[in-house]
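protein-v8.cif follows (mmCIF, C-alpha atoms and all ligand atoms):
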data_coords
#
loop_
_atom_site.label_atom_id
_atom_site.label_comp_id
_atom_site.auth_asym_id
_atom_site.auth_seq_id
_atom_site.Cartn_x
_atom_site.Cartn_y
_atom_site.Cartn_z
CA MET L 181 191.54 97.85 35.62
CA SER L 182 188.84 97.34 38.23
CA GLY L 183 188.37 95.27 41.35
CA GLY L 184 190.98 94.36 43.91
CA GLU L 185 190.54 97.59 45.87
CA GLN L 186 190.85 97.62 49.63
CA GLY L 187 187.50 98.25 51.33
CA GLU L 188 188.74 101.29 53.27
CA ASP L 189 189.89 103.02 50.07
CA LEU L 190 186.44 102.78 48.57
CA ALA L 191 183.70 105.36 48.79
CA ILE L 192 181.23 103.11 46.94
CA CYS L 193 181.32 99.36 46.35
CA VAL L 194 178.62 97.65 44.26
CA ARG L 195 178.59 93.89 43.77
CA GLY L 196 176.25 91.73 41.70
CA LEU L 197 173.57 94.39 41.41
CA ARG L 198 170.31 93.51 39.70
CA THR L 199 167.57 96.10 39.23
CA SER L 200 164.39 95.90 37.19
CA PHE L 201 161.05 97.48 36.41
CA GLY L 202 158.58 94.65 35.96
CA ASP L 203 159.92 92.49 33.14
CA GLN L 204 162.56 95.02 32.15
CA VAL L 205 165.92 94.21 33.70
CA VAL L 206 168.09 97.34 33.87
CA HIS L 207 171.17 95.93 35.64
CA GLU L 208 172.33 92.34 36.02
CA GLY L 209 175.53 91.29 37.80
CA LEU L 210 176.80 94.88 37.93
CA ASP L 211 180.03 95.53 39.88
CA LEU L 212 181.56 98.95 40.48
CA ASP L 213 184.16 100.47 42.82
CA VAL L 214 184.45 104.20 43.36
CA ARG L 215 187.67 105.19 45.12
CA ARG L 216 187.71 107.76 47.87
CA GLY L 217 188.63 111.21 46.63
CA GLU L 218 188.24 110.54 42.92
CA ILE L 219 185.92 112.01 40.32
CA LEU L 220 184.43 109.00 38.57
CA GLY L 221 182.65 109.76 35.31
CA VAL L 222 179.81 107.37 34.43
CA VAL L 223 178.96 107.08 30.75
CA GLY L 224 176.80 104.86 28.56
CA GLY L 225 174.18 105.09 25.87
CA SER L 226 170.79 106.60 26.67
CA GLY L 227 168.71 104.25 28.80
CA THR L 228 171.63 102.02 29.88
CA GLY L 229 170.76 102.69 33.51
CA LYS L 230 173.12 105.41 34.73
CA SER L 231 170.49 107.32 36.69
CA VAL L 232 168.90 104.11 37.98
CA LEU L 233 172.34 103.03 39.23
CA MET L 234 172.75 106.32 41.07
CA ARG L 235 169.28 105.96 42.55
CA ALA L 236 170.07 102.40 43.66
CA ILE L 237 173.24 103.56 45.42
CA ILE L 238 171.41 106.30 47.31
CA GLY L 239 168.56 103.97 48.22
CA LEU L 240 165.83 105.39 45.98
CA GLN L 241 165.69 102.35 43.72
CA PRO L 242 165.24 98.89 45.25
CA ALA L 243 167.77 96.22 44.28
CA ASP L 244 166.51 92.73 43.37
CA GLU L 245 169.91 91.24 44.14
CA GLY L 246 173.39 92.34 45.09
CA GLU L 247 175.24 94.43 47.64
CA ILE L 248 175.88 98.14 47.77
CA SER L 249 178.03 99.82 50.39
CA VAL L 250 178.98 103.45 50.87
CA PHE L 251 182.05 104.15 53.02
CA GLY L 252 181.96 100.51 54.07
CA GLU L 253 178.32 100.58 55.22
CA SER L 254 175.66 98.61 53.40
CA THR L 255 172.93 100.89 52.04
CA LEU L 256 170.41 98.08 51.73
CA ASN L 257 168.03 96.94 54.47
CA ARG L 258 168.92 99.65 56.98
CA ASP L 259 166.67 101.02 59.66
CA ASP L 260 165.52 104.63 59.40
CA GLU L 261 168.01 106.06 61.87
CA ASP L 262 170.99 104.32 60.23
CA THR L 263 169.80 105.44 56.81
CA LEU L 264 169.66 109.05 57.96
CA ALA L 265 173.21 108.84 59.33
CA LEU L 266 174.49 107.53 56.01
CA ARG L 267 172.46 109.97 53.90
CA ARG L 268 174.18 112.81 55.76
CA ARG L 269 177.38 111.81 54.01
CA TRP L 270 176.17 112.50 50.47
CA GLY L 271 174.65 115.29 48.44
CA VAL L 272 172.83 114.85 45.13
CA LEU L 273 172.37 117.10 42.12
CA PHE L 274 169.57 115.41 40.18
CA GLN L 275 169.18 115.64 36.42
CA GLY L 276 167.63 119.02 35.62
CA GLY L 277 168.44 120.46 39.07
CA ALA L 278 165.15 119.39 40.70
CA LEU L 279 164.84 122.63 42.66
CA PHE L 280 161.55 123.23 44.46
CA SER L 281 159.90 125.84 42.25
CA THR L 282 157.91 127.47 45.07
CA LEU L 283 160.98 128.01 47.25
CA THR L 284 163.70 130.64 46.83
CA VAL L 285 167.31 129.60 46.26
CA THR L 286 168.08 130.16 49.95
CA GLU L 287 165.05 128.13 51.00
CA ASN L 288 166.01 125.33 48.60
CA ILE L 289 169.50 125.16 50.12
CA GLU L 290 167.97 125.13 53.59
CA VAL L 291 165.77 122.06 52.88
CA PRO L 292 168.50 119.51 53.73
CA LEU L 293 169.67 121.66 56.66
CA ARG L 294 166.16 121.55 58.13
CA GLU L 295 165.92 117.81 57.52
CA PHE L 296 169.27 116.79 58.95
CA TYR L 297 169.82 119.51 61.54
CA PRO L 298 166.32 120.52 62.71
CA GLN L 299 167.75 122.20 65.82
CA LEU L 300 169.89 124.63 63.81
CA ALA L 301 168.97 128.26 64.58
CA PRO L 302 167.40 130.11 61.60
CA HIS L 303 170.18 132.74 61.45
CA LEU L 304 172.80 129.95 61.22
CA ARG L 305 170.81 128.25 58.46
CA ASP L 306 170.76 131.56 56.57
CA GLU L 307 174.50 132.03 57.07
CA ILE L 308 175.26 128.52 55.79
CA ALA L 309 173.00 129.05 52.77
CA ALA L 310 174.72 132.38 51.98
CA TYR L 311 178.11 130.66 52.23
CA LYS L 312 177.04 127.86 49.87
CA ILE L 313 175.74 130.44 47.41
CA ARG L 314 179.17 132.11 47.34
CA MET L 315 180.97 128.78 47.24
CA THR L 316 179.23 127.67 44.07
CA GLY L 317 179.84 130.98 42.30
CA LEU L 318 176.29 132.31 42.39
CA PRO L 319 175.91 136.07 42.83
CA ALA L 320 175.03 137.01 46.42
CA ASP L 321 171.66 138.42 45.31
CA ALA L 322 170.57 135.00 43.99
CA GLY L 323 169.37 133.94 47.45
CA PRO L 324 165.89 135.52 47.41
CA LYS L 325 165.23 134.54 43.77
CA PHE L 326 162.90 131.74 42.69
CA PRO L 327 164.16 129.05 40.28
CA ALA L 328 162.06 130.49 37.44
CA GLU L 329 164.08 133.72 37.72
CA LEU L 330 167.43 131.95 37.20
CA SER L 331 169.34 131.06 34.04
CA GLY L 332 170.06 127.37 33.35
CA GLY L 333 173.62 127.72 34.65
CA MET L 334 172.45 129.46 37.82
CA LYS L 335 169.89 126.71 38.44
CA LYS L 336 172.67 124.12 38.25
CA ARG L 337 174.77 126.10 40.70
CA ALA L 338 171.79 126.44 43.04
CA GLY L 339 171.30 122.66 42.82
CA LEU L 340 174.99 122.20 43.56
CA ALA L 341 174.73 124.57 46.54
CA ARG L 342 171.82 122.50 47.88
CA ALA L 343 173.78 119.26 47.31
CA LEU L 344 176.66 120.73 49.34
CA ALA L 345 174.44 122.17 52.08
CA ILE L 346 175.29 119.57 54.72
CA ASP L 347 179.01 119.29 53.88
CA PRO L 348 178.85 115.83 52.32
CA ASP L 349 181.85 113.56 51.70
CA LEU L 350 180.32 112.21 48.51
CA LEU L 351 178.66 114.14 45.72
CA PHE L 352 176.38 112.65 43.07
CA LEU L 353 175.98 114.74 39.93
CA ASP L 354 173.53 113.59 37.24
CA GLU L 355 174.34 115.32 33.94
CA PRO L 356 175.35 118.60 35.59
CA THR L 357 176.39 120.34 32.37
CA ALA L 358 173.48 119.21 30.18
CA GLY L 359 171.86 122.23 28.55
CA LEU L 360 174.67 124.65 29.42
CA ASP L 361 176.56 126.59 26.76
CA PRO L 362 180.22 125.45 26.38
CA ILE L 363 181.59 128.35 28.42
CA GLY L 364 179.07 127.79 31.20
CA ALA L 365 179.75 124.05 31.11
CA ALA L 366 183.53 124.57 31.35
CA ALA L 367 183.04 126.97 34.27
CA PHE L 368 180.83 124.43 36.03
CA ASP L 369 183.45 121.71 35.49
CA GLU L 370 186.15 123.96 36.87
CA ARG L 371 184.04 124.75 39.95
CA THR L 372 183.35 121.04 40.49
CA ARG L 373 187.08 120.24 40.35
CA GLN L 374 187.97 123.11 42.70
CA LEU L 375 185.33 122.07 45.23
CA GLN L 376 186.30 118.42 44.99
CA GLN L 377 189.96 119.27 45.66
CA THR L 378 189.31 121.83 48.38
CA LEU L 379 186.72 119.78 50.25
CA GLY L 380 188.26 116.35 49.59
CA LEU L 381 185.05 115.11 47.98
CA THR L 382 184.44 111.90 46.11
CA VAL L 383 182.30 112.62 43.02
CA PHE L 384 180.07 110.19 41.10
CA LEU L 385 179.39 112.10 37.90
CA ILE L 386 176.96 110.91 35.23
CA THR L 387 177.59 112.72 31.98
CA HIS L 388 177.32 112.66 28.20
CA ASP L 389 179.76 115.57 28.04
CA LEU L 390 183.06 114.40 26.55
CA ASP L 391 184.77 117.66 27.51
CA THR L 392 183.85 117.07 31.15
CA LEU L 393 185.30 113.55 31.01
CA HIS L 394 188.60 114.83 29.67
CA ALA L 395 188.75 117.93 31.87
CA ILE L 396 187.95 116.65 35.34
CA CYS L 397 187.37 112.89 35.62
CA ASP L 398 190.08 110.75 37.19
CA ARG L 399 188.50 107.57 35.84
CA VAL L 400 185.49 106.69 33.73
CA ALA L 401 183.07 103.75 34.10
CA VAL L 402 181.20 102.58 31.01
CA LEU L 403 177.71 101.07 31.31
CA ALA L 404 176.49 98.71 28.60
CA ASP L 405 174.79 95.33 28.45
CA LYS L 406 173.26 95.87 31.94
CA ARG L 407 176.63 96.16 33.69
CA VAL L 408 179.86 98.13 33.93
CA ILE L 409 181.88 96.82 31.01
CA ALA L 410 185.06 98.81 31.72
CA VAL L 411 186.50 101.26 34.25
CA GLY L 412 189.72 103.20 33.97
CA THR L 413 191.39 106.34 32.74
CA ILE L 414 190.43 107.46 29.26
CA ASP L 415 193.76 106.08 28.02
CA ASP L 416 192.90 102.71 29.61
CA LEU L 417 189.51 102.77 27.90
CA LEU L 418 191.02 103.70 24.54
CA ALA L 419 193.16 100.58 24.81
CA THR L 420 190.07 98.34 24.99
CA GLU L 421 188.48 97.06 21.83
CA HIS L 422 184.83 97.29 22.81
CA PRO L 423 183.08 98.83 19.77
CA TRP L 424 180.90 101.23 21.80
CA ILE L 425 183.92 102.54 23.72
CA GLN L 426 185.93 102.98 20.53
CA GLU L 427 183.04 104.73 18.81
CA TYR L 428 182.39 106.95 21.83
CA PHE L 429 185.94 108.15 22.45
CA ASN L 430 187.30 107.85 18.93
CA GLY L 431 184.23 108.98 16.96
CA PRO L 432 184.25 112.54 15.55
CA ARG L 433 183.02 114.16 18.79
CA GLY L 434 185.29 112.04 20.96
CA ARG L 435 188.34 113.02 18.94
CA ALA L 436 187.38 116.70 19.01
CA ALA L 437 187.19 116.60 22.82
CA GLN L 438 190.64 115.06 23.26
CA PRO L 439 193.23 117.43 24.74
CA PRO L 440 196.08 118.46 22.43
CA LYS L 441 199.04 116.09 22.42
CA GLY L 442 201.94 117.14 24.68
CA GLY L 443 199.86 118.98 27.28
CA LYS L 444 196.65 117.89 28.91
CA ASP L 445 195.45 121.19 30.26
CA GLN L 446 196.35 124.25 28.22
CA ARG L 447 194.06 126.64 30.09
N1 LIG L 501 160.52 104.94 37.27
C1 LIG L 501 160.72 104.12 36.20
N2 LIG L 501 159.76 103.26 35.80
C2 LIG L 501 159.97 102.41 34.76
N3 LIG L 501 161.10 102.37 34.03
C3 LIG L 501 162.09 103.22 34.38
C4 LIG L 501 161.95 104.14 35.48
N4 LIG L 501 163.10 104.85 35.60
C5 LIG L 501 163.92 104.40 34.60
N5 LIG L 501 163.32 103.44 33.89
C6 LIG L 501 163.90 102.71 32.75
O1 LIG L 501 165.17 102.21 33.13
C7 LIG L 501 166.09 102.32 32.05
C8 LIG L 501 167.32 103.08 32.51
O2 LIG L 501 166.95 104.42 32.76
P1 LIG L 501 168.00 105.51 33.23
O3 LIG L 501 167.23 106.78 33.47
O4 LIG L 501 168.83 105.00 34.32
O5 LIG L 501 168.90 105.65 31.92
P2 LIG L 501 170.15 106.61 31.68
O6 LIG L 501 171.30 105.73 31.32
O7 LIG L 501 170.35 107.50 32.85
O8 LIG L 501 169.65 107.40 30.40
P3 LIG L 501 169.92 108.91 29.87
O9 LIG L 501 171.35 108.96 29.48
O10 LIG L 501 169.01 109.01 28.71
O11 LIG L 501 169.55 109.85 31.00
C9 LIG L 501 165.34 102.99 30.90
O12 LIG L 501 164.90 102.00 30.01
C10 LIG L 501 164.18 103.65 31.58
O13 LIG L 501 163.07 103.72 30.74
#
Render the structure in this file as structure tokens.
Amino acid sequence: MSGGEQGEDLAICVRGLRTSFGDQVVHEGLDLDVRRGEILGVVGGSGTGKSVLMRAIIGLQPADEGEISVFGESTLNRDDEDTLALRRRWGVLFQGGALFSTLTVTENIEVPLREFYPQLAPHLRDEIAAYKIRMTGLPADAGPKFPAELSGGMKKRAGLARALAIDPDLLFLDEPTAGLDPIGAAAFDERTRQLQQTLGLTVFLITHDLDTLHAICDRVAVLADKRVIAVGTIDDLLATEHPWIQEYFNGPRGRAAQPPKGGKDQR
């Protein structure tokens, strides 16, 4: 189910990861492969370390032990210039959106453009921001608005537009549909899938949303006991006997989210 991938087919490769906060060990001996071009859903009970894993991959959380590489390049122990070159290849939508409240939507989207392309002329920055606004399905007049003036769904789209600002190859989404109504969540999923297919993105998607897993994830990784206990399609996971996995996918909510038999996508 996991392992055995060729290095060049992998967007992310984690081996033997250990992370901790003081005495609290979050991950121990964690391995994970994310294939290029896939949407990998990451699930697990609350506090199992999904966000900490994402932060470790993008270099915001130190690793006590282990190896992490992104597109074949180690993310650990890099010098500043190398780190910047690698960071250009990913965009991140943090849990809750994490927009700067004192900046407009356009200015938020321009933050990574200023950081990575400081020489870019202001009118080009504005054009790119306007394009990203359209791309993520925000209304054109969202640009001059402040985050406090946006609905929850619009904030997520603005966060997505910022994550896509520098045309990344890899997108990290931390609970992108949390707090959205089911219609808004389905629309966000659909947009994520469209963008992933059109732009050839690899997506690392942390979620508790069973509908999202069924609708757009190619494979799902399950975190428990400080490591990834299983990775595969939902059918692969259903074939395992781990009690948490069975409860998660076959419990009342899991069953309700399963697509009807005889046709995966009826939309
Ligand atoms: N900055 C921090 N300082 C101390 N402990 C932390 C910190 N960040 C996370 N933790 C701890 O690490 C563990 C994993 O947290 P993490 O946020 O990765 O969980 P999660 O699986 O994403 O949870 P959820 O599904 O609830 O968002 C938790 O016990 C959390 O309290």
Report as a Markdown table: every residue of region 365-394 of chain L with an atom at most 6 Å from region 350-360 of chain L, its closest pair of atoms, and their distance in Å to one decimal, counting all atoms listed in the file, with rows sorted by chain and ascending residue number.
| residue | atom | partner | partner_atom | distance |
| --- | --- | --- | --- | --- |
| L:Ala365 | CA | L:Thr357 | CA | 5.2 |
| L:Leu381 | CA | L:Leu350 | CA | 5.6 |
| L:Thr382 | CA | L:Leu350 | CA | 4.8 |
| L:Val383 | CA | L:Leu351 | CA | 4.8 |
| L:Phe384 | CA | L:Phe352 | CA | 4.9 |
| L:Leu385 | CA | L:Leu353 | CA | 4.8 |
| L:Ile386 | CA | L:Asp354 | CA | 4.8 |
| L:Thr387 | CA | L:Glu355 | CA | 4.6 |
Tell me which residues come within 12 Å of (171.5, 123.5, 33.4), as number ranges by chain, counting only C-alpha atoms in the file's coordinates. L: 273-279, 327, 330-340, 353-362, 364-365, 368
Would you mind reading off the distance between CA of Leu375 (chain L) and CA of Glu218 (chain L), one decimal, in Å? 12.1 Å
Using all atoms listed in the file, I'd like a table of the residues in chain L that come within 9 Å of ligand LIG 501 (chain L); for each, show the closest atom pair and its distance in Å rounded to one decimal, ordered by chain and ascending number, as CSV.
residue,atom,partner,partner_atom,distance
L:Thr199,CA,L:LIG501,O1,9.0
L:Ser200,CA,L:LIG501,O1,7.5
L:Phe201,CA,L:LIG501,C2,5.3
L:Gly202,CA,L:LIG501,C2,8.0
L:Gln204,CA,L:LIG501,O12,7.7
L:Val205,CA,L:LIG501,O1,8.1
L:Val206,CA,L:LIG501,C7,5.7
L:His207,CA,L:LIG501,C8,8.7
L:Val223,CA,L:LIG501,O6,7.8
L:Gly224,CA,L:LIG501,O6,6.2
L:Gly225,CA,L:LIG501,O9,6.0
L:Ser226,CA,L:LIG501,O10,3.6
L:Gly227,CA,L:LIG501,O5,3.4
L:Thr228,CA,L:LIG501,O6,4.0
L:Gly229,CA,L:LIG501,O4,3.1
L:Lys230,CA,L:LIG501,O6,3.9
L:Ser231,CA,L:LIG501,O4,3.7
L:Val232,CA,L:LIG501,O4,3.8
L:Leu233,CA,L:LIG501,O4,6.3
L:Met234,CA,L:LIG501,O4,7.9
L:Arg235,CA,L:LIG501,O4,8.3
L:Gln241,CA,L:LIG501,N1,8.7
L:Gln275,CA,L:LIG501,O11,7.9
L:Asp354,CA,L:LIG501,O7,8.2
L:Glu355,CA,L:LIG501,O11,7.8
L:Ile386,CA,L:LIG501,O7,7.8
L:Thr387,CA,L:LIG501,O9,7.7
L:His388,CA,L:LIG501,O9,7.1
L:Leu403,CA,L:LIG501,O6,7.9
Residues as selected, C-alpha atoms, written as a compact mmCIF listing (two decimals), keeping the file's coordinate frame, can you do that?
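Saved to selection.txt:
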# COMPACT_ATOMS: atom_id res chain seq x y z
CA THR L 199 167.57 96.10 39.23
CA SER L 200 164.39 95.90 37.19
CA PHE L 201 161.05 97.48 36.41
CA GLY L 202 158.58 94.65 35.96
CA GLN L 204 162.56 95.02 32.15
CA VAL L 205 165.92 94.21 33.70
CA VAL L 206 168.09 97.34 33.87
CA HIS L 207 171.17 95.93 35.64
CA VAL L 223 178.96 107.08 30.75
CA GLY L 224 176.80 104.86 28.56
CA GLY L 225 174.18 105.09 25.87
CA SER L 226 170.79 106.60 26.67
CA GLY L 227 168.71 104.25 28.80
CA THR L 228 171.63 102.02 29.88
CA GLY L 229 170.76 102.69 33.51
CA LYS L 230 173.12 105.41 34.73
CA SER L 231 170.49 107.32 36.69
CA VAL L 232 168.90 104.11 37.98
CA LEU L 233 172.34 103.03 39.23
CA MET L 234 172.75 106.32 41.07
CA ARG L 235 169.28 105.96 42.55
CA GLN L 241 165.69 102.35 43.72
CA GLN L 275 169.18 115.64 36.42
CA ASP L 354 173.53 113.59 37.24
CA GLU L 355 174.34 115.32 33.94
CA ILE L 386 176.96 110.91 35.23
CA THR L 387 177.59 112.72 31.98
CA HIS L 388 177.32 112.66 28.20
CA LEU L 403 177.71 101.07 31.31
Polymer residues at most 12 Å from region 291-299 of chain L, all atoms listed in the file, same-chain spacing of 2 or more positions, as a VMD selection string: chain L and resid 261 263 to 272 279 to 280 283 to 289 301 to 309 312 339 341 to 348
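Of the residues listed (L:Thr282, L:Gly196, L:Leu220, L:Gly209), L:Leu220 shows the shortest atom-to-atom separation from His394 (chain L); distances use only C-alpha atoms.
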Sphere at (179.8, 97.4, 53.0), radius 10 Å, counting only C-alpha atoms: residues as a PyMOL selection string: chain L and resi 187-188+190-195+247-256
Slice of the block: region 242-255 of chain L, N, CA, C and O atoms, as a CSV table (one decimal), in the first residue's frame:
chain,number,residue,atom,x,y,z
L,242,PRO,N,10.8,22.0,13.9
L,242,PRO,CA,12.0,21.2,13.8
L,242,PRO,C,11.7,19.7,14.0
L,242,PRO,O,10.8,19.3,14.8
L,243,ALA,N,12.6,18.9,13.3
L,243,ALA,CA,12.5,17.5,13.5
L,243,ALA,C,13.6,17.0,14.4
L,243,ALA,O,14.7,17.5,14.3
L,244,ASP,N,13.3,16.1,15.4
L,244,ASP,CA,14.3,15.6,16.3
L,244,ASP,C,15.1,14.6,15.5
L,244,ASP,O,16.3,14.4,15.7
L,245,GLU,N,14.5,13.8,14.7
L,245,GLU,CA,15.1,12.7,13.9
L,245,GLU,C,14.4,12.6,12.6
L,245,GLU,O,13.2,13.0,12.5
L,246,GLY,N,15.0,12.0,11.6
L,246,GLY,CA,14.4,11.6,10.4
L,246,GLY,C,14.8,12.5,9.2
L,246,GLY,O,15.6,13.4,9.3
L,247,GLU,N,14.2,12.2,8.1
L,247,GLU,CA,14.5,12.8,6.8
L,247,GLU,C,13.2,13.3,6.2
L,247,GLU,O,12.2,12.6,6.2
L,248,ILE,N,13.2,14.5,5.6
L,248,ILE,CA,12.1,15.0,4.8
L,248,ILE,C,12.6,15.5,3.5
L,248,ILE,O,13.5,16.4,3.6
L,249,SER,N,12.1,15.1,2.4
L,249,SER,CA,12.5,15.7,1.2
L,249,SER,C,11.2,16.1,0.4
L,249,SER,O,10.2,15.5,0.4
L,250,VAL,N,11.4,17.2,-0.3
L,250,VAL,CA,10.3,17.7,-1.2
L,250,VAL,C,10.9,17.8,-2.6
L,250,VAL,O,11.9,18.5,-2.8
L,251,PHE,N,10.2,17.2,-3.6
L,251,PHE,CA,10.8,17.1,-4.9
L,251,PHE,C,12.2,16.7,-4.9
L,251,PHE,O,13.1,17.3,-5.6
L,252,GLY,N,12.6,15.7,-4.1
L,252,GLY,CA,13.9,15.2,-4.0
L,252,GLY,C,14.9,16.0,-3.3
L,252,GLY,O,16.1,15.6,-3.2
L,253,GLU,N,14.5,17.1,-2.7
L,253,GLU,CA,15.5,18.0,-2.0
L,253,GLU,C,15.2,17.9,-0.5
L,253,GLU,O,14.0,18.2,-0.1
L,254,SER,N,16.2,17.7,0.3
L,254,SER,CA,16.0,17.6,1.7
L,254,SER,C,15.5,19.0,2.2
L,254,SER,O,16.1,20.0,1.8
L,255,THR,N,14.5,19.0,3.1
L,255,THR,CA,14.1,20.3,3.6
L,255,THR,C,14.8,20.7,4.9
L,255,THR,O,14.6,21.8,5.5
